[in-house]
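Printed here is work_29.csv (CSV, C-alpha atoms):
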chain,number,residue,atom,x,y,z
A,1247,MET,CA,115.4,59.0,114.4
A,1248,THR,CA,115.8,59.9,110.8
A,1249,ALA,CA,112.1,59.2,110.1
A,1250,PHE,CA,111.2,61.4,113.1
A,1251,VAL,CA,113.3,64.3,111.7
A,1252,THR,CA,111.9,63.9,108.2
A,1253,THR,CA,108.3,63.9,109.6
A,1254,VAL,CA,109.0,67.0,111.7
A,1255,ARG,CA,110.6,68.8,108.7
A,1256,ARG,CA,107.9,67.9,106.2
A,1257,ARG,CA,104.8,67.9,108.4
A,1258,TRP,CA,105.4,70.5,111.1
A,1259,ALA,CA,108.1,72.9,109.9
A,1260,PRO,CA,105.7,74.8,107.6
A,1261,TRP,CA,103.4,75.5,110.6
A,1262,ALA,CA,106.2,76.8,112.7
A,1263,LEU,CA,107.3,79.4,110.2
A,1264,PRO,CA,104.5,82.0,110.4
A,1265,PRO,CA,104.6,82.3,114.3
A,1266,LEU,CA,108.4,82.6,114.1
A,1267,LEU,CA,108.3,85.4,111.4
A,1268,VAL,CA,105.6,87.3,113.4
A,1269,ALA,CA,107.7,87.0,116.6
A,1270,PHE,CA,110.8,88.2,114.7
A,1271,VAL,CA,109.2,91.3,113.1
A,1272,SER,CA,107.5,92.1,116.4
A,1273,TRP,CA,110.8,92.0,118.3
A,1274,LYS,CA,113.5,93.1,115.9
A,1275,PRO,CA,112.4,96.7,115.2
A,1276,ALA,CA,111.9,97.3,118.9
A,1277,SER,CA,115.5,96.6,119.6
A,1278,THR,CA,117.8,99.6,120.1
A,1279,GLY,CA,121.3,100.3,118.8
A,1280,PRO,CA,122.8,100.7,115.3
A,1281,THR,CA,121.9,98.5,112.3
A,1282,ILE,CA,123.6,95.2,111.8
A,1283,CYS,CA,123.3,95.5,108.0
A,1284,PRO,CA,127.0,95.2,106.7
A,1285,PHE,CA,126.2,97.4,103.7
A,1286,ALA,CA,124.7,100.1,105.9
A,1287,VAL,CA,127.6,99.9,108.4
A,1288,ALA,CA,130.1,100.2,105.6
A,1289,THR,CA,128.5,102.9,103.5
A,1290,GLY,CA,126.1,104.7,105.8
A,1291,HIS,CA,123.3,104.2,103.3
A,1292,ALA,CA,120.4,101.7,103.4
A,1293,CYS,CA,120.8,98.6,101.3
A,1294,PRO,CA,118.0,97.5,98.9
A,1295,LEU,CA,116.4,95.4,101.6
A,1296,CYS,CA,116.8,97.8,104.5
A,1297,GLY,CA,113.4,98.8,106.0
A,1298,GLY,CA,111.7,95.5,105.1
A,1299,THR,CA,111.5,94.3,108.7
A,1300,ARG,CA,110.3,97.7,109.9
A,1301,ALA,CA,107.7,97.8,107.1
A,1302,ALA,CA,106.4,94.3,108.1
A,1303,SER,CA,106.3,95.4,111.7
A,1304,ALA,CA,104.4,98.5,110.8
A,1305,LEU,CA,101.9,96.5,108.8
A,1306,LEU,CA,101.5,94.1,111.7
A,1307,ARG,CA,100.5,97.1,113.8
A,1308,GLY,CA,98.1,98.4,111.1
A,1309,ASP,CA,100.3,101.4,110.1
A,1310,VAL,CA,100.1,101.2,106.3
A,1311,ASP,CA,101.6,104.7,105.8
A,1312,LEU,CA,104.7,103.9,107.8
A,1313,ALA,CA,105.0,100.5,106.0
A,1314,TRP,CA,105.0,102.3,102.7
A,1315,GLN,CA,107.6,104.7,103.8
A,1316,MET,CA,109.9,102.0,105.1
A,1317,HIS,CA,109.7,99.7,102.1
A,1318,PRO,CA,107.0,99.8,99.4
A,1319,LEU,CA,107.8,96.4,98.2
A,1320,ILE,CA,106.5,94.8,101.4
A,1321,PHE,CA,103.1,95.0,99.7
A,1322,ALA,CA,104.3,92.7,97.0
A,1323,ILE,CA,106.6,90.5,99.2
A,1324,LEU,CA,104.0,89.5,101.8
A,1325,PRO,CA,101.5,88.1,99.3
A,1326,LEU,CA,104.4,86.3,97.6
A,1327,MET,CA,105.5,84.9,100.9
A,1328,ALA,CA,102.0,83.7,101.7
A,1329,PHE,CA,101.8,82.1,98.2
A,1330,GLY,CA,105.2,80.4,98.8
A,1331,TRP,CA,104.1,79.2,102.2
A,1332,ILE,CA,100.9,77.6,100.9
A,1333,SER,CA,102.9,76.1,98.0
A,1334,TRP,CA,105.4,74.6,100.6
A,1335,ILE,CA,102.5,73.0,102.6
A,1336,GLY,CA,101.1,71.6,99.3
A,1337,VAL,CA,104.4,70.1,98.3
A,1338,THR,CA,105.1,68.6,101.7
A,1339,ARG,CA,101.6,67.0,101.7
A,1340,GLY,CA,102.0,65.7,98.2
A,1341,TRP,CA,99.1,67.8,96.8
A,1342,TRP,CA,101.2,69.3,94.0
A,1343,ASN,CA,104.8,69.4,92.7
A,1344,PRO,CA,107.3,72.1,93.7
A,1345,PRO,CA,107.8,75.0,91.2
A,1346,SER,CA,110.4,74.3,88.5
A,1347,SER,CA,113.9,75.6,88.9
A,1348,ARG,CA,113.4,77.7,85.8
A,1349,THR,CA,110.3,79.4,87.5
A,1350,THR,CA,112.3,80.0,90.7
A,1351,ASN,CA,115.2,81.5,88.8
A,1352,ILE,CA,112.8,83.9,86.9
A,1353,VAL,CA,111.0,85.0,90.1
A,1354,ALA,CA,114.4,85.6,91.8
A,1355,ALA,CA,115.6,87.7,88.9
A,1356,VAL,CA,112.4,89.8,88.7
A,1357,LEU,CA,112.6,90.4,92.5
A,1358,GLY,CA,116.2,91.4,92.2
A,1359,VAL,CA,115.5,93.9,89.4
A,1360,ALA,CA,112.5,95.2,91.4
A,1361,PHE,CA,114.5,95.7,94.7
A,1362,PHE,CA,117.5,97.3,93.0
A,1363,GLY,CA,115.4,99.4,90.7
A,1364,LEU,CA,113.3,100.8,93.6
A,1365,TRP,CA,116.4,101.2,95.7
A,1366,GLY,CA,117.9,103.4,92.9
A,1367,LEU,CA,114.8,105.5,92.6
A,1368,ARG,CA,114.5,106.0,96.4
A,1369,ALA,CA,118.2,106.9,96.6
A,1370,LEU,CA,117.7,109.5,93.9
A,1371,SER,CA,114.6,110.9,95.5
A,1372,GLY,CA,116.1,110.8,99.0
A,1373,THR,CA,113.4,108.5,100.5
A,1374,LEU,CA,115.5,105.6,101.6
A,1375,PRO,CA,114.8,104.6,105.2
A,1376,PRO,CA,117.1,105.7,108.0
A,1377,VAL,CA,119.8,103.3,109.0
B,1408,MET,CA,136.6,53.9,75.5
B,1409,THR,CA,134.8,56.1,78.1
B,1410,ALA,CA,131.4,57.5,77.4
B,1411,MET,CA,131.0,61.2,77.0
B,1412,PRO,CA,129.0,62.9,79.7
B,1413,PRO,CA,125.6,64.2,78.6
B,1414,ALA,CA,125.4,67.8,77.4
B,1415,ALA,CA,123.8,70.4,79.8
B,1416,SER,CA,120.6,70.3,77.9
B,1417,ALA,CA,120.3,66.6,78.5
B,1418,TYR,CA,119.3,67.3,82.1
B,1419,PRO,CA,115.6,67.7,82.8
B,1420,GLU,CA,116.0,70.7,85.2
B,1421,LYS,CA,117.7,74.0,84.9
B,1422,SER,CA,120.5,74.8,87.4
B,1423,GLN,CA,119.8,77.1,90.4
B,1424,ALA,CA,123.4,77.2,91.5
B,1425,THR,CA,124.1,80.8,90.2
B,1426,THR,CA,120.8,82.1,91.8
B,1427,ALA,CA,121.8,80.4,95.1
B,1428,MET,CA,125.3,81.9,94.9
B,1429,VAL,CA,123.9,85.4,94.3
B,1430,LEU,CA,121.4,85.1,97.1
B,1431,SER,CA,124.0,83.8,99.5
B,1432,ILE,CA,126.4,86.6,98.7
B,1433,PHE,CA,123.7,89.2,99.2
B,1434,GLY,CA,122.8,87.4,102.4
B,1435,LEU,CA,126.4,88.0,103.5
B,1436,LEU,CA,126.6,91.6,102.3
B,1437,CYS,CA,123.1,92.9,103.0
B,1438,CYS,CA,120.5,91.0,104.8
B,1439,GLY,CA,121.1,87.6,106.4
B,1440,ILE,CA,117.6,86.3,105.6
B,1441,LEU,CA,118.7,86.0,101.9
B,1442,GLY,CA,121.4,83.6,103.2
B,1443,VAL,CA,118.6,81.3,104.3
B,1444,VAL,CA,117.0,81.3,100.9
B,1445,GLY,CA,120.4,80.8,99.2
B,1446,LEU,CA,121.2,78.0,101.6
B,1447,ILE,CA,117.9,76.2,100.8
B,1448,MET,CA,118.4,76.6,97.1
B,1449,ALA,CA,122.0,75.4,97.2
B,1450,ASN,CA,120.9,72.3,99.2
B,1451,THR,CA,118.2,71.6,96.7
B,1452,GLU,CA,120.7,72.0,93.9
B,1453,LYS,CA,123.1,69.6,95.5
B,1454,GLN,CA,120.3,67.0,96.0
B,1455,ALA,CA,119.2,67.4,92.4
B,1456,ILE,CA,122.7,67.0,91.1
B,1457,ALA,CA,123.1,63.8,93.2
B,1458,ALA,CA,119.8,62.5,91.8
B,1459,GLY,CA,121.0,63.2,88.2
B,1460,ARG,CA,118.4,65.8,87.4
B,1461,ARG,CA,120.8,68.8,87.0
B,1462,ASP,CA,124.2,69.4,85.5
B,1463,PRO,CA,127.0,68.3,87.8
B,1464,ALA,CA,129.2,71.0,86.3
B,1465,ASN,CA,127.5,73.3,88.9
B,1466,GLN,CA,128.4,71.2,91.9
B,1467,GLY,CA,131.2,73.6,92.9
B,1468,THR,CA,129.1,76.7,92.7
B,1469,ALA,CA,126.3,75.0,94.7
B,1470,GLN,CA,128.8,73.9,97.4
B,1471,ALA,CA,130.2,77.5,97.5
B,1472,ALA,CA,126.7,78.9,97.8
B,1473,TYR,CA,125.9,76.4,100.6
B,1474,VAL,CA,129.0,77.4,102.6
B,1475,ILE,CA,128.5,81.2,102.1
B,1476,GLY,CA,124.8,80.8,103.0
B,1477,ILE,CA,125.8,79.1,106.3
B,1478,VAL,CA,128.4,81.9,107.0
B,1479,ALA,CA,125.8,84.6,106.2
B,1480,ILE,CA,123.2,83.0,108.5
B,1481,ALA,CA,125.8,82.5,111.3
B,1482,LEU,CA,126.9,86.2,111.1
B,1483,TRP,CA,123.3,87.4,110.9
B,1484,VAL,CA,122.3,85.5,114.0
B,1485,ILE,CA,125.4,86.6,115.9
B,1486,GLY,CA,124.6,90.2,114.9
B,1487,LEU,CA,121.0,89.9,116.1
B,1488,ILE,CA,122.1,88.5,119.4
B,1489,VAL,CA,124.7,91.2,119.9
B,1490,GLN,CA,122.3,93.9,118.8
B,1491,ALA,CA,119.7,92.6,121.3
B,1492,THR,CA,121.9,92.1,124.3
B,1493,VAL,CA,125.3,93.9,124.2
B,1494,LEU,CA,124.8,97.0,122.1
B,1495,PRO,CA,121.9,98.6,124.0
B,1496,SER,CA,123.9,98.5,127.3
B,1497,VAL,CA,127.0,99.8,125.6
B,1498,PHE,CA,125.1,102.8,124.1
B,1499,ASP,CA,123.4,103.5,127.4
B,1500,GLN,CA,126.8,104.0,129.0
B,1501,LEU,CA,128.1,106.3,126.2
B,1502,ASP,CA,127.8,110.0,126.8
B,1503,LEU,CA,126.6,111.0,123.3
B,1504,GLY,CA,125.3,114.4,124.4
As C-alpha coordinates - that is how I would like this structure written.
Amino acid sequence: MTAFVTTVRRRWAPWALPPLLVAFVSWKPASTGPTICPFAVATGHACPLCGGTRAASALLRGDVDLAWQMHPLIFAILPLMAFGWISWIGVTRGWWNPPSSRTTNIVAAVLGVAFFGLWGLRALSGTLPPV
Amino acid sequence: MTAMPPAASAYPEKSQATTAMVLSIFGLLCCGILGVVGLIMANTEKQAIAAGRRDPANQGTAQAAYVIGIVAIALWVIGLIVQATVLPSVFDQLDLG
(Lines of atoms letter the chains of each structure in order from A and count residues from 1; the text may use other names and numbers.)
(Lines give C-alpha, C1' and ligand atoms only; values in the text may rest on other atoms or scores of the structure.)
Protein backbone atom coordinates (compact mmCIF):
# COMPACT_ATOMS: atom_id res chain seq x y z
CA MET A 1 0.00 0.00 0.00
CA THR A 2 2.79 2.40 0.93
CA ALA A 3 4.59 1.59 -2.30
CA PHE A 4 1.38 2.25 -4.24
CA VAL A 5 0.90 5.65 -2.56
CA THR A 6 4.52 6.56 -3.22
CA THR A 7 4.20 5.55 -6.87
CA VAL A 8 1.01 7.57 -7.32
CA ARG A 9 2.56 10.60 -5.60
CA ARG A 10 5.81 10.52 -7.51
CA ARG A 11 4.70 9.28 -10.92
CA TRP A 12 1.15 10.49 -11.43
CA ALA A 13 0.52 13.45 -9.11
CA PRO A 14 2.45 15.89 -11.37
CA TRP A 15 0.23 14.96 -14.32
CA ALA A 16 -2.96 15.56 -12.30
CA LEU A 17 -2.00 19.12 -11.35
CA PRO A 18 -2.48 21.00 -14.69
CA PRO A 19 -6.02 19.67 -15.35
CA LEU A 20 -6.97 20.45 -11.74
CA LEU A 21 -5.66 24.02 -12.02
CA VAL A 22 -7.42 24.58 -15.35
CA ALA A 23 -10.67 23.22 -13.90
CA PHE A 24 -10.28 25.48 -10.85
CA VAL A 25 -9.65 28.73 -12.75
CA SER A 26 -12.45 27.84 -15.17
CA TRP A 27 -14.97 27.30 -12.39
CA LYS A 28 -14.02 29.67 -9.58
CA PRO A 29 -14.45 33.09 -11.30
CA ALA A 30 -17.83 31.98 -12.60
CA SER A 31 -19.15 31.49 -9.09
CA THR A 32 -21.34 34.21 -7.64
CA GLY A 33 -21.45 35.80 -4.22
CA PRO A 34 -18.88 37.80 -2.26
CA THR A 35 -15.19 37.08 -2.00
CA ILE A 36 -13.83 34.53 0.46
CA CYS A 37 -10.49 36.36 0.85
CA PRO A 38 -10.27 37.07 4.61
CA PHE A 39 -8.24 40.24 3.99
CA ALA A 40 -10.81 41.59 1.52
CA VAL A 41 -13.69 40.69 3.82
CA ALA A 42 -12.02 42.44 6.77
CA THR A 43 -10.78 45.57 5.01
CA GLY A 44 -12.93 45.92 1.90
CA HIS A 45 -9.79 46.15 -0.24
CA ALA A 46 -8.10 43.59 -2.47
CA CYS A 47 -5.13 41.73 -1.01
CA PRO A 48 -1.83 41.41 -2.94
CA LEU A 49 -3.06 38.18 -4.53
CA CYS A 50 -6.65 39.17 -5.26
CA GLY A 51 -7.40 39.04 -8.98
CA GLY A 52 -4.92 36.25 -9.70
CA THR A 53 -7.52 33.57 -10.36
CA ARG A 54 -9.62 35.94 -12.48
CA ALA A 55 -6.49 36.89 -14.43
CA ALA A 56 -5.68 33.23 -15.10
CA SER A 57 -9.27 32.62 -16.14
CA ALA A 58 -9.16 35.59 -18.52
CA LEU A 59 -5.93 34.31 -20.07
CA LEU A 60 -7.51 30.89 -20.46
CA ARG A 61 -10.26 32.57 -22.49
CA GLY A 62 -7.74 34.61 -24.50
CA ASP A 63 -8.59 37.98 -22.91
CA VAL A 64 -5.11 39.43 -22.35
CA ASP A 65 -6.35 42.95 -21.51
CA LEU A 66 -8.65 41.72 -18.75
CA ALA A 67 -5.89 39.48 -17.40
CA TRP A 68 -3.56 42.50 -17.21
CA GLN A 69 -6.23 44.54 -15.42
CA MET A 70 -6.95 41.79 -12.90
CA HIS A 71 -3.33 40.99 -12.01
CA PRO A 72 -0.31 41.96 -14.15
CA LEU A 73 1.94 39.50 -12.32
CA ILE A 74 0.02 36.59 -13.86
CA PHE A 75 2.34 36.99 -16.86
CA ALA A 76 5.32 36.26 -14.60
CA ILE A 77 3.65 33.67 -12.40
CA LEU A 78 2.38 31.37 -15.15
CA PRO A 79 5.83 30.81 -16.77
CA LEU A 80 7.27 30.33 -13.26
CA MET A 81 4.57 27.76 -12.48
CA ALA A 82 5.28 25.98 -15.77
CA PHE A 83 8.98 25.92 -14.92
CA GLY A 84 8.21 24.60 -11.43
CA TRP A 85 5.96 21.90 -12.88
CA ILE A 86 8.62 20.73 -15.34
CA SER A 87 11.17 20.78 -12.51
CA TRP A 88 8.84 18.69 -10.35
CA ILE A 89 8.49 16.05 -13.08
CA GLY A 90 12.26 16.00 -13.54
CA VAL A 91 12.82 15.53 -9.81
CA THR A 92 10.24 12.74 -9.50
CA ARG A 93 11.79 10.96 -12.50
CA GLY A 94 15.29 11.37 -11.10
CA TRP A 95 16.49 13.45 -14.05
CA TRP A 96 17.84 16.24 -11.85
CA ASN A 97 18.00 17.35 -8.22
CA PRO A 98 15.42 19.64 -6.60
CA PRO A 99 16.39 23.32 -6.28
CA SER A 100 18.36 24.17 -3.15
CA SER A 101 16.50 25.57 -0.16
CA ARG A 102 18.55 28.77 -0.56
CA THR A 103 17.26 29.21 -4.13
CA THR A 104 13.68 28.57 -3.02
CA ASN A 105 13.99 31.14 -0.22
CA ILE A 106 15.35 33.75 -2.64
CA VAL A 107 12.58 33.12 -5.19
CA ALA A 108 9.94 33.37 -2.43
CA ALA A 109 11.42 36.65 -1.17
CA VAL A 110 11.61 38.17 -4.67
CA LEU A 111 8.00 37.17 -5.38
CA GLY A 112 6.89 38.59 -2.04
CA VAL A 113 8.55 41.93 -2.78
CA ALA A 114 7.05 41.94 -6.31
CA PHE A 115 3.52 41.17 -5.09
CA PHE A 116 3.59 43.71 -2.25
CA GLY A 117 5.33 46.36 -4.35
CA LEU A 118 2.81 46.05 -7.16
CA TRP A 119 -0.04 45.96 -4.67
CA GLY A 120 1.14 49.28 -3.18
CA LEU A 121 1.47 50.88 -6.61
CA ARG A 122 -1.98 49.67 -7.68
CA ALA A 123 -3.52 50.88 -4.42
CA LEU A 124 -1.99 54.33 -4.94
CA SER A 125 -3.17 54.48 -8.56
CA GLY A 126 -6.62 53.05 -7.77
CA THR A 127 -6.28 50.09 -10.13
CA LEU A 128 -6.77 47.26 -7.64
CA PRO A 129 -9.31 44.67 -8.84
CA PRO A 130 -12.84 44.77 -7.40
CA VAL A 131 -13.51 42.46 -4.45
CA MET B 1 30.67 14.67 28.91
CA THR B 2 28.08 15.28 26.22
CA ALA B 3 29.04 16.38 22.76
CA MET B 4 28.08 19.89 21.68
CA PRO B 5 25.50 20.03 18.88
CA PRO B 6 26.90 21.22 15.56
CA ALA B 7 26.61 24.91 14.71
CA ALA B 8 23.92 26.00 12.25
CA SER B 9 26.52 26.41 9.52
CA ALA B 10 27.45 22.75 9.95
CA TYR B 11 24.26 21.70 8.18
CA PRO B 12 24.50 21.40 4.41
CA GLU B 13 21.14 23.01 3.64
CA LYS B 14 19.63 26.35 4.62
CA SER B 15 16.39 26.31 6.60
CA GLN B 16 13.07 26.98 4.87
CA ALA B 17 11.08 27.10 8.10
CA THR B 18 10.64 30.88 8.17
CA THR B 19 9.61 30.99 4.50
CA ALA B 20 7.12 28.19 5.12
CA MET B 21 5.75 30.03 8.16
CA VAL B 22 5.31 33.31 6.25
CA LEU B 23 3.58 31.53 3.36
CA SER B 24 1.26 29.62 5.69
CA ILE B 25 0.28 32.80 7.54
CA PHE B 26 -0.43 34.58 4.26
CA GLY B 27 -2.38 31.50 3.20
CA LEU B 28 -4.50 31.97 6.29
CA LEU B 29 -4.94 35.74 5.91
CA CYS B 30 -5.05 36.21 2.12
CA CYS B 31 -5.24 33.32 -0.32
CA GLY B 32 -5.46 29.68 0.74
CA ILE B 33 -3.34 28.49 -2.16
CA LEU B 34 -0.30 29.94 -0.38
CA GLY B 35 -1.15 27.58 2.48
CA VAL B 36 -0.57 24.67 0.09
CA VAL B 37 2.92 25.97 -0.72
CA GLY B 38 3.62 26.65 2.97
CA LEU B 39 2.47 23.17 3.93
CA ILE B 40 4.68 21.50 1.30
CA MET B 41 7.70 23.57 2.34
CA ALA B 42 7.07 22.84 6.03
CA ASN B 43 6.82 19.13 5.30
CA THR B 44 10.06 19.24 3.30
CA GLU B 45 11.72 21.09 6.19
CA LYS B 46 10.58 18.49 8.72
CA GLN B 47 11.87 15.65 6.54
CA ALA B 48 15.21 17.43 6.01
CA ILE B 49 15.59 18.01 9.77
CA ALA B 50 14.81 14.34 10.44
CA ALA B 51 17.45 13.38 7.86
CA GLY B 52 20.01 15.65 9.53
CA ARG B 53 20.41 17.99 6.56
CA ARG B 54 18.97 21.11 8.26
CA ASP B 55 19.22 22.72 11.68
CA PRO B 56 16.81 21.07 14.15
CA ALA B 57 16.50 24.40 15.98
CA ASN B 58 13.81 25.24 13.38
CA GLN B 59 11.73 22.15 14.13
CA GLY B 60 9.13 24.15 16.10
CA THR B 61 8.75 26.79 13.39
CA ALA B 62 8.37 24.08 10.75
CA GLN B 63 5.74 22.28 12.82
CA ALA B 64 3.83 25.53 13.39
CA ALA B 65 3.97 26.32 9.66
CA TYR B 66 2.71 22.80 8.95
CA VAL B 67 -0.31 23.20 11.25
CA ILE B 68 -1.14 26.73 10.06
CA GLY B 69 -0.88 25.51 6.46
CA ILE B 70 -3.39 22.73 7.15
CA VAL B 71 -5.77 25.20 8.84
CA ALA B 72 -5.41 27.65 5.94
CA ILE B 73 -6.18 24.97 3.36
CA ALA B 74 -9.13 23.64 5.36
CA LEU B 75 -10.68 27.11 5.73
CA TRP B 76 -10.01 27.87 2.06
CA VAL B 77 -11.71 24.68 0.87
CA ILE B 78 -14.65 25.25 3.22
CA GLY B 79 -14.92 28.82 1.91
CA LEU B 80 -14.90 27.65 -1.71
CA ILE B 81 -17.59 25.06 -1.01
CA VAL B 82 -19.75 27.60 0.85
CA GLN B 83 -19.23 30.17 -1.89
CA ALA B 84 -20.20 27.70 -4.58
CA THR B 85 -23.20 26.17 -2.86
CA VAL B 86 -24.70 28.23 -0.07
CA LEU B 87 -23.97 31.89 -0.78
CA PRO B 88 -25.53 32.16 -4.27
CA SER B 89 -28.89 30.89 -3.04
CA VAL B 90 -28.72 33.18 0.02
CA PHE B 91 -28.01 36.21 -2.16
CA ASP B 92 -30.75 35.23 -4.58
CA GLN B 93 -33.26 35.41 -1.73
CA LEU B 94 -32.11 38.81 -0.49
CA ASP B 95 -33.94 41.88 -1.72
CA LEU B 96 -30.97 44.12 -2.42
CA GLY B 97 -32.85 46.56 -4.63
> Once you count all atoms listed in the file, which residues of chain B turn out to be within 9 Å of chain A? Could you give them as a PyMOL selection string?
Replying inline: chain B and resi 1420-1423+1426+1430+1435-1439+1483+1486-1487+1490-1491+1494-1495+1497-1498
> Hey, what's within 9 Å of stretch 1317-1321 of chain A if we count all atoms listed in the file and toss same-chain stuff fewer than 6 positions away? As a list in words, please?
Replying inline: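 So, after excluding close chain neighbours, the residues are Leu1295, Cys1296, Gly1297, Gly1298, Thr1299, Arg1300, Ala1301, Ala1302, Leu1305, Ala1360, Phe1361, Leu1364, Leu1374 and Pro1375 of chain A.
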> Which residues come within 12 Å of stretch 1449-1462 of chain B, counting all atoms listed in the file, excluding same-chain residues fewer than 5 positions away, as a ChimeraX atom specification?
Replying inline: /A:1344,1346-1348,1350 /B:1412-1431,1442-1444,1467-1477
> atom CA of B:Ala1464 and atom CA of A:Trp1334 are how many Å apart?
Replying inline: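 Separation of atom CA of B:Ala1464 and atom CA of A:Trp1334: 28.0 Å.
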> Between atom CA of A:Ala1313 and atom CA of A:Pro1376, what is the spacing in Å?
Replying inline: 13.3 Å
> atom CA of A:Ile1323 and atom CA of A:Gly1363 are how many Å apart?
Replying inline: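 Going from atom CA of A:Ile1323 over to atom CA of A:Gly1363 covers 15.1 Å.
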> Between A:Pro1264, A:Phe1270, A:Ser1371, A:Arg1257, which is the closest to A:Gly1340 once you count all atoms listed in the file?
Replying inline: A:Arg1257
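With only C-alpha atoms as the atoms that count, the residue of A:Leu1324, A:Val1310, A:Val1251, A:Val1377 with the shortest distance to A:Val1268 is A:Leu1324.
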>> Between B:Val1493, B:Ile1488, B:Val1478, B:Pro1463, which residue has the minimum interatomic distance to B:Leu1441, considering only C-alpha atoms?
In response: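 Smallest separation from B:Leu1441 among the options: B:Val1478.
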> Residues at most 9 Å from stretch 1326-1331 of chain A, counting all atoms listed in the file, excluding those fewer than 5 positions away in the same chain, as a PyMOL selection string?
Replying inline: chain A and resi 1260+1263-1264+1336
